[in-house]
file start_16.tsv (TSV, C-alpha atoms)
chain	number	residue	atom	x	y	z
A	287	MET	CA	-38.27	-14.80	-52.26
A	288	ASN	CA	-38.99	-18.15	-50.66
A	289	ILE	CA	-35.26	-19.02	-50.47
A	290	TRP	CA	-34.51	-15.81	-48.57
A	291	ILE	CA	-37.13	-16.57	-45.95
A	292	SER	CA	-35.67	-20.08	-45.52
A	293	ILE	CA	-32.17	-18.68	-45.07
A	294	LEU	CA	-33.42	-16.09	-42.56
A	295	VAL	CA	-35.34	-18.72	-40.55
A	296	MET	CA	-32.28	-21.03	-40.51
A	297	MET	CA	-30.09	-18.15	-39.29
A	298	ILE	CA	-32.52	-17.31	-36.49
A	299	ILE	CA	-32.85	-20.96	-35.41
A	300	GLY	CA	-29.05	-21.47	-35.57
A	301	GLY	CA	-28.45	-18.30	-33.53
A	302	PHE	CA	-30.97	-19.39	-30.90
A	303	ILE	CA	-29.41	-22.87	-30.63
A	304	GLY	CA	-25.93	-21.33	-30.27
A	305	MET	CA	-27.16	-18.90	-27.62
A	306	MET	CA	-28.79	-21.67	-25.57
A	307	THR	CA	-25.71	-23.91	-25.90
A	308	ASN	CA	-23.45	-21.12	-24.62
A	309	PHE	CA	-25.87	-20.33	-21.79
A	310	ILE	CA	-25.93	-23.96	-20.62
A	311	ALA	CA	-22.15	-24.36	-20.96
A	312	ILE	CA	-21.41	-21.24	-18.90
A	313	ARG	CA	-23.83	-22.32	-16.18
A	314	MET	CA	-22.24	-25.77	-16.07
A	315	LEU	CA	-18.78	-24.23	-15.64
A	316	PHE	CA	-19.73	-22.16	-12.60
A	317	ARG	CA	-22.77	-23.80	-11.00
A	318	PRO	CA	-23.58	-25.49	-8.70
A	319	TYR	CA	-20.98	-24.40	-6.16
A	320	LYS	CA	-21.18	-27.59	-4.09
A	321	ALA	CA	-21.68	-31.24	-4.93
A	322	ILE	CA	-25.28	-32.47	-4.86
A	323	PHE	CA	-25.87	-35.94	-3.44
A	324	ILE	CA	-28.87	-38.20	-3.82
A	325	GLY	CA	-28.39	-40.69	-1.02
A	326	LYS	CA	-24.78	-41.88	-1.35
A	327	TRP	CA	-24.44	-40.99	-5.02
A	328	ARG	CA	-23.11	-37.69	-6.27
A	329	LEU	CA	-25.09	-36.10	-9.06
A	330	PRO	CA	-22.89	-35.95	-12.21
A	331	PHE	CA	-21.33	-32.60	-13.14
A	332	THR	CA	-21.64	-31.22	-9.60
A	333	PRO	CA	-19.97	-29.07	-8.49
A	334	GLY	CA	-19.27	-27.04	-11.61
A	335	LEU	CA	-15.83	-27.37	-13.20
A	336	ILE	CA	-14.43	-24.07	-11.91
A	337	PRO	CA	-15.57	-24.45	-8.26
A	338	LYS	CA	-14.38	-28.07	-8.32
A	339	ARG	CA	-10.86	-27.17	-9.47
A	340	ARG	CA	-10.58	-23.75	-7.82
A	341	ASP	CA	-7.27	-24.48	-6.03
A	342	GLU	CA	-5.62	-25.95	-9.14
A	343	LEU	CA	-6.87	-23.05	-11.27
A	344	ALA	CA	-5.57	-20.45	-8.80
A	345	GLN	CA	-2.16	-22.11	-8.73
A	346	LYS	CA	-1.92	-22.22	-12.53
A	347	ILE	CA	-3.01	-18.59	-12.90
A	348	GLY	CA	-0.41	-17.54	-10.34
A	349	GLN	CA	2.25	-19.52	-12.18
A	350	VAL	CA	1.37	-17.87	-15.51
A	351	VAL	CA	1.45	-14.40	-13.93
A	352	THR	CA	4.86	-14.94	-12.31
A	353	GLU	CA	6.44	-16.59	-15.35
A	354	HIS	CA	5.07	-14.41	-18.14
A	355	LEU	CA	3.57	-11.18	-16.80
A	356	LEU	CA	5.73	-10.22	-13.82
A	357	THR	CA	9.21	-11.29	-14.81
A	358	GLY	CA	12.26	-10.05	-12.90
A	359	ASP	CA	13.54	-8.14	-15.92
A	360	MET	CA	10.22	-6.34	-16.35
A	361	ILE	CA	10.05	-5.35	-12.69
A	362	GLN	CA	13.66	-4.15	-12.72
A	363	LYS	CA	13.03	-2.13	-15.88
A	364	LYS	CA	9.91	-0.55	-14.36
A	365	LEU	CA	11.72	0.35	-11.11
A	366	GLN	CA	14.43	2.13	-13.12
A	367	ASP	CA	11.82	4.35	-14.78
A	368	GLU	CA	12.39	7.95	-13.63
A	369	GLY	CA	8.68	8.77	-13.71
A	370	LEU	CA	7.89	5.94	-11.31
A	371	GLN	CA	10.75	6.89	-9.00
A	372	ALA	CA	9.56	10.51	-8.86
A	373	GLY	CA	6.01	9.34	-8.16
A	374	LEU	CA	7.17	7.06	-5.35
A	375	VAL	CA	9.22	9.84	-3.75
A	376	GLN	CA	6.29	12.25	-3.97
A	377	THR	CA	3.89	9.68	-2.47
A	378	ALA	CA	6.31	8.94	0.40
A	379	GLN	CA	6.75	12.66	1.12
A	380	GLU	CA	2.98	13.21	1.17
A	381	PHE	CA	2.54	10.20	3.47
A	382	PHE	CA	5.08	11.50	5.98
A	383	LYS	CA	3.67	15.05	5.86
A	384	GLU	CA	0.19	13.68	6.52
A	385	LYS	CA	1.37	11.49	9.41
A	386	MET	CA	3.43	14.29	10.97
A	387	ALA	CA	0.40	16.60	10.85
A	388	LEU	CA	-1.59	14.18	13.02
A	389	GLU	CA	0.42	15.22	16.12
A	390	GLN	CA	0.43	11.71	17.48
A	391	PRO	CA	2.83	10.62	20.18
A	392	LEU	CA	6.09	9.18	18.94
A	393	LEU	CA	5.23	5.62	20.07
A	394	SER	CA	1.96	5.46	18.16
A	395	LEU	CA	3.67	6.89	15.07
A	396	ARG	CA	6.40	4.24	15.44
A	397	ASN	CA	3.77	1.50	15.63
A	398	LEU	CA	1.88	2.94	12.64
A	399	LEU	CA	5.02	2.82	10.51
A	400	GLY	CA	5.80	-0.75	11.61
A	401	PHE	CA	9.05	-0.20	13.52
A	402	LYS	CA	9.82	-2.46	16.46
A	403	MET	CA	11.20	-1.43	19.82
A	404	VAL	CA	15.00	-1.61	19.95
A	405	ARG	CA	16.63	-1.44	23.37
A	406	ASN	CA	20.03	0.08	23.79
A	407	ALA	CA	22.72	-2.34	24.92
A	408	TRP	CA	24.69	0.43	26.72
call {"tool": "encode", "arguments": {"input": "start_16.tsv", "output": "structure tokens"}}
result
Amino acid sequence: MNIWISILVMMIIGGFIGMMTNFIAIRMLFRPYKAIFIGKWRLPFTPGLIPKRRDELAQKIGQVVTEHLLTGDMIQKKLQDEGLQAGLVQTAQEFFKEKMALEQPLLSLRNLLGFKMVRNAW
């Protein structure tokens, strides 16, 4: 019986140590957001790793998304899907019906849709 209590106590202590290690590691990744200075010297590990390398991280994530998740073949395949095409047509028709029901002047409707003024060369 004594061995089982020892094993249980070791498991609880090990779990607590692991939990505290993870808690500290996560906090060090994200906090503090800005560098902390004491006089001229910067306190070590400030800012946290993720705020410190935010621009580099954003660039790498964007690169991974464009190279592996949103490839040209995948987008082309998705655009050829008949279900998506039908959904896009239905959404466009509902959009135009809604905008035409507003009874706005033609100029404001033109501006809303993003068309620019074209002058006739006649």
call {"tool": "closest_residue", "arguments": {"input": "start_16.tsv", "among": "A:Gly369, A:Leu315, A:Asn288, A:Gln376", "to": "Arg340 (chain A)", "atoms": "only C-alpha atoms"}}
result
A:Leu315
call {"tool": "atom_distance", "arguments": {"input": "start_16.tsv", "atom1": "CA of Phe316 (chain A)", "atom2": "CA of Gly334 (chain A)"}}
result
5.0 Å
call {"tool": "atom_distance", "arguments": {"input": "start_16.tsv", "atom1": "CA of Ile312 (chain A)", "atom2": "CA of Ile336 (chain A)"}}
result
10.3 Å
call {"tool": "atom_distance", "arguments": {"input": "start_16.tsv", "atom1": "CA of Lys320 (chain A)", "atom2": "CA of Gly348 (chain A)"}}
result
23.9 Å
call {"tool": "axis_aligned_box", "arguments": {"input": "start_16.tsv", "around": "region 351-366 of chain A", "padding_each_side": "5 Å", "output": "JSON"}}
result
{"center_x": 7.9, "center_y": -7.2, "center_z": -14.6, "size_x": 23.0, "size_y": 28.7, "size_z": 17.0}
call {"tool": "closest_residue", "arguments": {"input": "start_16.tsv", "among": "A:Ala311, A:Met360, A:Met386, A:Ile322", "to": "Leu335 (chain A)", "atoms": "all atoms listed in the file"}}
result
A:Ala311
call {"tool": "closest_residue", "arguments": {"input": "start_16.tsv", "among": "A:Glu384, A:Phe401, A:Ala378, A:Pro333", "to": "Arg317 (chain A)", "atoms": "only C-alpha atoms"}}
result
A:Pro333
call {"tool": "build_atoms", "arguments": {"input": "start_16.tsv", "residues": "region 333-344 of chain A", "atoms": "all heavy atoms", "output": "PDB file, in the frame of the given file"}}
result
ATOM      1  N   PRO A 333     -19.756 -30.485  -8.211  1.00  0.00           N
ATOM      2  CA  PRO A 333     -19.970 -29.070  -8.490  1.00  0.00           C
ATOM      3  C   PRO A 333     -19.502 -28.732  -9.895  1.00  0.00           C
ATOM      4  O   PRO A 333     -18.930 -29.562 -10.583  1.00  0.00           O
ATOM      5  CB  PRO A 333     -19.100 -28.384  -7.440  1.00  0.00           C
ATOM      6  CG  PRO A 333     -18.006 -29.346  -7.160  1.00  0.00           C
ATOM      7  CD  PRO A 333     -18.631 -30.712  -7.309  1.00  0.00           C
ATOM      8  N   GLY A 334     -19.710 -27.481 -10.291  1.00  0.00           N
ATOM      9  CA  GLY A 334     -19.270 -27.040 -11.610  1.00  0.00           C
ATOM     10  C   GLY A 334     -17.756 -27.168 -11.735  1.00  0.00           C
ATOM     11  O   GLY A 334     -17.037 -27.309 -10.745  1.00  0.00           O
ATOM     12  N   LEU A 335     -17.246 -27.129 -12.942  1.00  0.00           N
ATOM     13  CA  LEU A 335     -15.830 -27.370 -13.200  1.00  0.00           C
ATOM     14  C   LEU A 335     -14.937 -26.361 -12.486  1.00  0.00           C
ATOM     15  O   LEU A 335     -13.927 -26.729 -11.895  1.00  0.00           O
ATOM     16  CB  LEU A 335     -15.565 -27.339 -14.709  1.00  0.00           C
ATOM     17  CG  LEU A 335     -14.149 -27.668 -15.131  1.00  0.00           C
ATOM     18  CD1 LEU A 335     -13.797 -29.087 -14.718  1.00  0.00           C
ATOM     19  CD2 LEU A 335     -13.989 -27.496 -16.616  1.00  0.00           C
ATOM     20  N   ILE A 336     -15.285 -25.095 -12.521  1.00  0.00           N
ATOM     21  CA  ILE A 336     -14.430 -24.070 -11.910  1.00  0.00           C
ATOM     22  C   ILE A 336     -14.457 -24.157 -10.391  1.00  0.00           C
ATOM     23  O   ILE A 336     -13.393 -24.142  -9.765  1.00  0.00           O
ATOM     24  CB  ILE A 336     -14.781 -22.680 -12.460  1.00  0.00           C
ATOM     25  CG1 ILE A 336     -14.338 -22.641 -13.930  1.00  0.00           C
ATOM     26  CG2 ILE A 336     -14.128 -21.573 -11.645  1.00  0.00           C
ATOM     27  CD1 ILE A 336     -14.609 -21.385 -14.655  1.00  0.00           C
ATOM     28  N   PRO A 337     -15.618 -24.267  -9.715  1.00  0.00           N
ATOM     29  CA  PRO A 337     -15.570 -24.450  -8.260  1.00  0.00           C
ATOM     30  C   PRO A 337     -14.861 -25.741  -7.843  1.00  0.00           C
ATOM     31  O   PRO A 337     -14.190 -25.786  -6.821  1.00  0.00           O
ATOM     32  CB  PRO A 337     -17.037 -24.479  -7.844  1.00  0.00           C
ATOM     33  CG  PRO A 337     -17.758 -23.757  -8.913  1.00  0.00           C
ATOM     34  CD  PRO A 337     -16.989 -24.048 -10.172  1.00  0.00           C
ATOM     35  N   LYS A 338     -14.987 -26.782  -8.641  1.00  0.00           N
ATOM     36  CA  LYS A 338     -14.380 -28.070  -8.320  1.00  0.00           C
ATOM     37  C   LYS A 338     -12.853 -27.991  -8.354  1.00  0.00           C
ATOM     38  O   LYS A 338     -12.167 -28.588  -7.539  1.00  0.00           O
ATOM     39  CB  LYS A 338     -14.871 -29.121  -9.317  1.00  0.00           C
ATOM     40  CG  LYS A 338     -14.423 -30.530  -9.034  1.00  0.00           C
ATOM     41  CD  LYS A 338     -15.042 -31.456 -10.063  1.00  0.00           C
ATOM     42  CE  LYS A 338     -14.801 -32.905  -9.754  1.00  0.00           C
ATOM     43  NZ  LYS A 338     -15.453 -33.770 -10.734  1.00  0.00           N
ATOM     44  N   ARG A 339     -12.317 -27.259  -9.298  1.00  0.00           N
ATOM     45  CA  ARG A 339     -10.860 -27.170  -9.470  1.00  0.00           C
ATOM     46  C   ARG A 339     -10.327 -25.779  -9.125  1.00  0.00           C
ATOM     47  O   ARG A 339      -9.334 -25.330  -9.706  1.00  0.00           O
ATOM     48  CB  ARG A 339     -10.497 -27.512 -10.902  1.00  0.00           C
ATOM     49  CG  ARG A 339     -10.815 -28.939 -11.246  1.00  0.00           C
ATOM     50  CD  ARG A 339     -10.314 -29.260 -12.603  1.00  0.00           C
ATOM     51  NE  ARG A 339     -10.323 -30.699 -12.805  1.00  0.00           N
ATOM     52  CZ  ARG A 339      -9.787 -31.285 -13.833  1.00  0.00           C
ATOM     53  NH1 ARG A 339      -9.196 -30.559 -14.752  1.00  0.00           N
ATOM     54  NH2 ARG A 339      -9.835 -32.588 -13.961  1.00  0.00           N
ATOM     55  N   ARG A 340     -10.945 -25.115  -8.190  1.00  0.00           N
ATOM     56  CA  ARG A 340     -10.580 -23.750  -7.820  1.00  0.00           C
ATOM     57  C   ARG A 340      -9.117 -23.645  -7.392  1.00  0.00           C
ATOM     58  O   ARG A 340      -8.392 -22.758  -7.833  1.00  0.00           O
ATOM     59  CB  ARG A 340     -11.496 -23.256  -6.707  1.00  0.00           C
ATOM     60  CG  ARG A 340     -11.205 -21.853  -6.251  1.00  0.00           C
ATOM     61  CD  ARG A 340     -12.119 -21.414  -5.131  1.00  0.00           C
ATOM     62  NE  ARG A 340     -11.985 -22.346  -4.025  1.00  0.00           N
ATOM     63  CZ  ARG A 340     -12.983 -22.710  -3.241  1.00  0.00           C
ATOM     64  NH1 ARG A 340     -14.180 -22.229  -3.440  1.00  0.00           N
ATOM     65  NH2 ARG A 340     -12.790 -23.541  -2.253  1.00  0.00           N
ATOM     66  N   ASP A 341      -8.648 -24.548  -6.522  1.00  0.00           N
ATOM     67  CA  ASP A 341      -7.270 -24.480  -6.030  1.00  0.00           C
ATOM     68  C   ASP A 341      -6.258 -24.692  -7.155  1.00  0.00           C
ATOM     69  O   ASP A 341      -5.273 -23.958  -7.261  1.00  0.00           O
ATOM     70  CB  ASP A 341      -7.058 -25.512  -4.921  1.00  0.00           C
ATOM     71  CG  ASP A 341      -7.930 -25.234  -3.709  1.00  0.00           C
ATOM     72  OD1 ASP A 341      -8.270 -24.058  -3.487  1.00  0.00           O
ATOM     73  OD2 ASP A 341      -8.270 -26.199  -2.994  1.00  0.00           O
ATOM     74  N   GLU A 342      -6.518 -25.675  -8.012  1.00  0.00           N
ATOM     75  CA  GLU A 342      -5.620 -25.950  -9.140  1.00  0.00           C
ATOM     76  C   GLU A 342      -5.599 -24.765 -10.107  1.00  0.00           C
ATOM     77  O   GLU A 342      -4.541 -24.362 -10.603  1.00  0.00           O
ATOM     78  CB  GLU A 342      -6.080 -27.209  -9.855  1.00  0.00           C
ATOM     79  CG  GLU A 342      -5.248 -27.595 -11.053  1.00  0.00           C
ATOM     80  CD  GLU A 342      -5.818 -28.804 -11.779  1.00  0.00           C
ATOM     81  OE1 GLU A 342      -6.633 -29.547 -11.196  1.00  0.00           O
ATOM     82  OE2 GLU A 342      -5.436 -28.978 -12.949  1.00  0.00           O
ATOM     83  N   LEU A 343      -6.762 -24.191 -10.362  1.00  0.00           N
ATOM     84  CA  LEU A 343      -6.870 -23.050 -11.270  1.00  0.00           C
ATOM     85  C   LEU A 343      -6.122 -21.841 -10.715  1.00  0.00           C
ATOM     86  O   LEU A 343      -5.400 -21.162 -11.452  1.00  0.00           O
ATOM     87  CB  LEU A 343      -8.346 -22.722 -11.496  1.00  0.00           C
ATOM     88  CG  LEU A 343      -8.683 -21.655 -12.514  1.00  0.00           C
ATOM     89  CD1 LEU A 343      -8.195 -22.067 -13.894  1.00  0.00           C
ATOM     90  CD2 LEU A 343     -10.178 -21.411 -12.540  1.00  0.00           C
ATOM     91  N   ALA A 344      -6.258 -21.590  -9.420  1.00  0.00           N
ATOM     92  CA  ALA A 344      -5.570 -20.450  -8.800  1.00  0.00           C
ATOM     93  C   ALA A 344      -4.050 -20.629  -8.883  1.00  0.00           C
ATOM     94  O   ALA A 344      -3.316 -19.673  -9.160  1.00  0.00           O
ATOM     95  CB  ALA A 344      -6.006 -20.304  -7.346  1.00  0.00           C
TER      96      ALA A 344
END
